[in-house]
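Source file: coords.cif. Holds: mmCIF, C-alpha atoms.
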```cif
data_input
#
loop_
_atom_site.group_PDB
_atom_site.id
_atom_site.type_symbol
_atom_site.label_atom_id
_atom_site.label_comp_id
_atom_site.auth_asym_id
_atom_site.auth_seq_id
_atom_site.Cartn_x
_atom_site.Cartn_y
_atom_site.Cartn_z
ATOM 1 C CA MET C 19 81.362 118.688 103.380
ATOM 2 C CA ALA C 20 78.379 120.684 104.477
ATOM 3 C CA ARG C 21 77.628 120.907 108.182
ATOM 4 C CA ALA C 22 74.363 119.431 109.376
ATOM 5 C CA GLY C 23 71.854 122.237 109.649
ATOM 6 C CA ALA C 24 73.814 124.586 107.362
ATOM 7 C CA SER C 25 71.606 126.890 105.356
ATOM 8 C CA LEU C 26 72.302 128.202 101.864
ATOM 9 C CA PHE C 27 70.176 131.228 102.651
ATOM 10 C CA ALA C 28 71.976 132.121 105.897
ATOM 11 C CA GLY C 29 75.336 132.195 104.087
ATOM 12 C CA ASP C 30 76.927 129.427 106.170
ATOM 13 C CA PHE C 31 77.163 126.724 103.491
ATOM 14 C CA ARG C 32 80.828 125.717 103.159
ATOM 15 C CA GLY C 33 80.570 123.850 99.877
ATOM 16 C CA PHE C 34 82.661 120.786 99.135
ATOM 17 C CA GLU C 35 86.051 119.672 100.390
ATOM 18 C CA VAL C 36 88.514 117.509 98.500
ATOM 19 C CA SER C 37 90.127 114.498 100.141
ATOM 20 C CA ALA C 38 93.682 113.298 99.607
ATOM 21 C CA ASN C 39 94.071 109.649 98.613
ATOM 22 C CA VAL C 40 97.266 108.739 100.448
ATOM 23 C CA SER C 41 97.602 105.529 98.445
ATOM 24 C CA MET C 42 98.244 107.674 95.368
ATOM 25 C CA LEU C 43 99.749 110.856 96.826
ATOM 26 C CA PHE C 44 103.018 111.319 98.700
ATOM 27 C CA THR C 45 104.259 107.887 97.581
ATOM 28 C CA GLU C 46 107.838 108.965 98.254
ATOM 29 C CA LEU C 47 107.006 108.778 101.979
ATOM 30 C CA PRO C 48 106.364 105.763 104.206
ATOM 31 C CA TYR C 49 102.658 104.981 104.340
ATOM 32 C CA LEU C 50 101.951 106.293 107.846
ATOM 33 C CA ASP C 51 103.837 109.562 107.193
ATOM 34 C CA ARG C 52 101.541 110.383 104.277
ATOM 35 C CA TYR C 53 98.722 111.475 106.590
ATOM 36 C CA ALA C 54 100.861 114.200 108.152
ATOM 37 C CA ALA C 55 102.037 115.261 104.682
ATOM 38 C CA ALA C 56 98.429 115.601 103.529
ATOM 39 C CA SER C 57 97.618 117.685 106.600
ATOM 40 C CA ARG C 58 100.608 119.959 105.995
ATOM 41 C CA ARG C 59 99.332 120.532 102.438
ATOM 42 C CA GLY C 60 95.954 121.665 103.784
ATOM 43 C CA PHE C 61 93.857 118.518 103.366
ATOM 44 C CA HIS C 62 91.310 117.988 106.140
ATOM 45 C CA LEU C 63 90.012 114.711 104.711
ATOM 46 C CA VAL C 64 92.018 111.665 103.615
ATOM 47 C CA GLU C 65 91.191 108.315 102.096
ATOM 48 C CA SER C 66 93.202 105.196 101.359
ATOM 49 C CA TRP C 67 93.043 101.911 99.498
ATOM 50 C CA TRP C 68 94.643 100.221 102.511
ATOM 51 C CA PRO C 69 95.248 97.393 103.094
ATOM 52 C CA PHE C 70 95.601 97.004 99.341
ATOM 53 C CA PRO C 71 98.741 98.340 97.620
ATOM 54 C CA GLY C 72 96.759 99.831 94.732
ATOM 55 C CA PRO C 73 93.844 99.347 92.372
ATOM 56 C CA THR C 74 93.204 95.868 91.053
ATOM 57 C CA ALA C 75 92.812 95.063 87.385
ATOM 58 C CA SER C 76 89.272 95.132 86.042
ATOM 59 C CA PRO C 77 87.732 91.716 85.465
ATOM 60 C CA ALA C 78 87.821 90.653 81.819
#
```
Output the file's structure as structure tokens, nothing else.
Amino acid sequence: MARAGASLFAGDFRGFEVSANVSMLFTELPYLDRYAAASRRGFHLVESWWPFPGPTASPA
């Protein structure tokens, strides 16, 4: 994510960062251990579907 006040012209724009969805990634690990696993893999941002176990079916 871009820092507030970052300027494209000053060369300090960082671009975009990707987040790890720990509901989908590292499922071989207990839920709370997934955050550390994401950090070890270089993710600085995480997201989760918690408290839900996964996506729900689309309404018909």
Subject >> 8 Å contact set for stretch 47-63 of chain C, only C-alpha atoms, chain neighbours under 6 positions out, as JSON, numbers by chain >> reply: {"C": [35, 36, 37, 38, 40, 41]}
Please produce a file of the residues just selected, as a CSV table (one decimal), in the frame of the given file, where the atoms kept are C-alpha atoms.
```csv
chain,number,residue,atom,x,y,z
C,35,GLU,CA,86.1,119.7,100.4
C,36,VAL,CA,88.5,117.5,98.5
C,37,SER,CA,90.1,114.5,100.1
C,38,ALA,CA,93.7,113.3,99.6
C,40,VAL,CA,97.3,108.7,100.4
C,41,SER,CA,97.6,105.5,98.4
```
**OP:** Identify the residues around (91.2, 107.4, 101.7) within a radius of 7 Å, measuring from only C-alpha atoms in the coordinates stated by the file, and give them as a list of chain:residue names.
**Re:**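 Neighbouring residues, ordered by chain and number, come to C:Ala38, C:Asn39, C:Val40, C:Val64, C:Glu65, C:Ser66, C:Trp67.
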Provide an axis-aligned box for all listed atoms of stretch 39-54 of chain C, padding each side by 3 Å; report its centre and its edge lengths in Å to one decimal, as AutoDock Vina command-line options.
```
--center_x 101.0 --center_y 109.6 --center_z 101.8 --size_x 19.8 --size_y 15.2 --size_z 18.8
```
